[in-house]
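**Student:** File upload-v9.cif below, mmCIF, C-alpha atoms:
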```cif
data_target
#
loop_
_atom_site.label_atom_id
_atom_site.label_comp_id
_atom_site.auth_asym_id
_atom_site.auth_seq_id
_atom_site.Cartn_x
_atom_site.Cartn_y
_atom_site.Cartn_z
CA MET A 20 124.50 -44.29 -73.97
CA TRP A 21 122.16 -43.66 -76.81
CA MET A 22 121.11 -46.57 -79.13
CA ASN A 23 119.16 -46.38 -82.34
CA TYR A 24 116.56 -49.17 -82.53
CA GLU A 25 114.81 -47.78 -85.57
CA GLY A 26 114.32 -50.54 -88.15
CA TYR A 27 116.21 -53.06 -86.07
CA GLY A 28 116.24 -56.45 -87.84
CA MET A 29 114.12 -55.31 -90.75
CA GLY A 30 116.79 -54.42 -93.32
CA TRP A 31 115.99 -52.48 -96.49
CA HIS A 32 113.76 -50.08 -94.59
CA GLY A 33 111.26 -52.72 -93.49
CA LEU A 34 111.25 -54.71 -96.74
CA GLY A 35 113.57 -57.48 -95.58
CA TRP A 36 110.68 -59.92 -95.56
CA LEU A 37 110.20 -59.30 -99.29
CA GLY A 38 113.72 -60.48 -100.03
CA MET A 39 113.22 -63.55 -97.86
CA VAL A 40 109.92 -64.45 -99.58
CA THR A 41 111.50 -63.93 -103.00
CA PHE A 42 114.42 -66.16 -102.07
CA TRP A 43 112.18 -69.02 -100.91
CA LEU A 44 109.87 -68.74 -103.94
CA LEU A 45 112.83 -68.91 -106.30
CA LEU A 46 114.24 -71.87 -104.41
CA ILE A 47 110.92 -73.76 -104.54
CA LEU A 48 110.51 -73.00 -108.27
CA LEU A 49 114.05 -74.21 -108.93
CA VAL A 50 113.37 -77.49 -107.11
CA LEU A 51 110.09 -78.00 -109.01
CA ALA A 52 111.80 -77.30 -112.33
CA ALA A 53 114.55 -79.80 -111.49
CA VAL A 54 111.99 -82.47 -110.57
CA LYS A 55 110.07 -81.89 -113.82
CA TYR A 56 113.29 -82.02 -115.85
CA LEU A 57 114.50 -85.22 -114.19
CA SER A 58 111.11 -86.93 -114.58
CA GLY A 59 111.12 -86.38 -118.33
CA GLY A 60 108.90 -83.31 -118.37
CA ARG A 61 105.77 -85.12 -119.48
CA ARG A 62 103.56 -88.02 -118.54
CA SER A 63 101.82 -90.52 -120.76
CA ASP A 64 98.81 -92.37 -119.44
CA SER A 65 98.48 -94.59 -122.50
CA PRO A 66 99.70 -98.17 -122.07
CA SER A 67 101.79 -98.14 -125.24
CA GLY A 68 103.78 -95.13 -124.07
CA GLU A 69 102.62 -92.97 -126.96
CA ASN A 70 101.20 -89.56 -126.30
CA ASP A 71 97.49 -89.39 -127.23
CA LYS A 72 98.01 -85.95 -128.81
CA THR A 73 100.35 -87.44 -131.41
CA ARG A 74 98.11 -90.41 -132.15
CA PRO A 75 95.65 -89.94 -135.03
CA GLU A 76 92.04 -89.57 -133.89
CA PRO A 77 90.65 -92.54 -135.91
CA LEU A 78 93.22 -94.91 -134.41
CA LEU A 79 92.36 -93.72 -130.92
CA ILE A 80 88.66 -94.31 -131.56
CA LEU A 81 89.41 -97.78 -132.95
CA GLU A 82 91.42 -98.67 -129.84
CA GLN A 83 88.60 -97.49 -127.61
CA ARG A 84 86.04 -99.57 -129.51
CA TYR A 85 88.26 -102.64 -129.21
CA ALA A 86 88.80 -102.02 -125.50
CA ARG A 87 85.03 -101.81 -124.95
CA GLY A 88 84.53 -105.08 -126.82
CA GLU A 89 82.54 -103.55 -129.67
CA ILE A 90 84.78 -105.19 -132.29
CA GLU A 91 86.70 -108.45 -132.37
CA ARG A 92 90.49 -108.79 -132.50
CA ASP A 93 90.63 -109.69 -136.20
CA GLU A 94 88.51 -106.70 -137.15
CA TYR A 95 90.62 -104.43 -134.92
CA LEU A 96 93.89 -105.64 -136.47
CA GLN A 97 92.55 -105.26 -140.01
CA LYS A 98 91.24 -101.74 -139.42
CA ARG A 99 94.39 -100.71 -137.55
CA ASP A 100 96.57 -101.85 -140.46
CA ASP A 101 94.29 -100.04 -142.90
CA LEU A 102 94.53 -96.82 -140.90
CA LYS A 103 98.32 -97.00 -140.60
CA THR A 104 98.90 -97.63 -144.30
CA GLY A 105 96.27 -95.42 -145.72
#
```
What would you get if you wrote out this structure as structure tokens?
**Tutor:**
Amino acid sequence: MWMNYEGYGMGWHGLGWLGMVTFWLLLILLVLAAVKYLSGGRRSDSPSGENDKTRPEPLLILEQRYARGEIERDEYLQKRDDLKTG
């Protein structure tokens, strides 16, 4: 009895591993995309929940100065109101 063992278990002429790797990469990318989508797609490290990229630069600098204690609360509130209105 003659049996042909050529390419046994390899599929696609020895490229079966390529299909398997592609399948697992696509599956992992799909899971990562789902996690990113379900988590909102972005993170905000600022305490107010605003994204720093949308916040005007002068207001960000003012908040940093207040956080470091360089200016008092009254001065911070006055300057913040001035920046928001003007």
**Student:** How far is it from CA of Leu102 (chain A) to CA of Pro77 (chain A), in Å with one decimal?
**Tutor:**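 Interatomic distance, CA of Leu102 (chain A) to CA of Pro77 (chain A): 7.6 Å.
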**Student:** Calculate how many Å separate CA of Lys98 (chain A) from CA of Ala86 (chain A), rounding to one decimal.
**Tutor:** 14.1 Å
**Student:** Could you jot down the CA of Thr104 (chain A) to CA of Glu76 (chain A) separation for me, Å, one decimal place?
**Tutor:**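 Rounded to one decimal, the two atoms are 14.8 Å apart.
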**Student:** Given all atoms listed in the file as the basis, pick out the residue of A:Leu37, A:Leu57, A:Leu78, A:Leu51 nearest to Gly105 (chain A).
**Tutor:**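 Under the stated criterion, the closest residue is A:Leu78.
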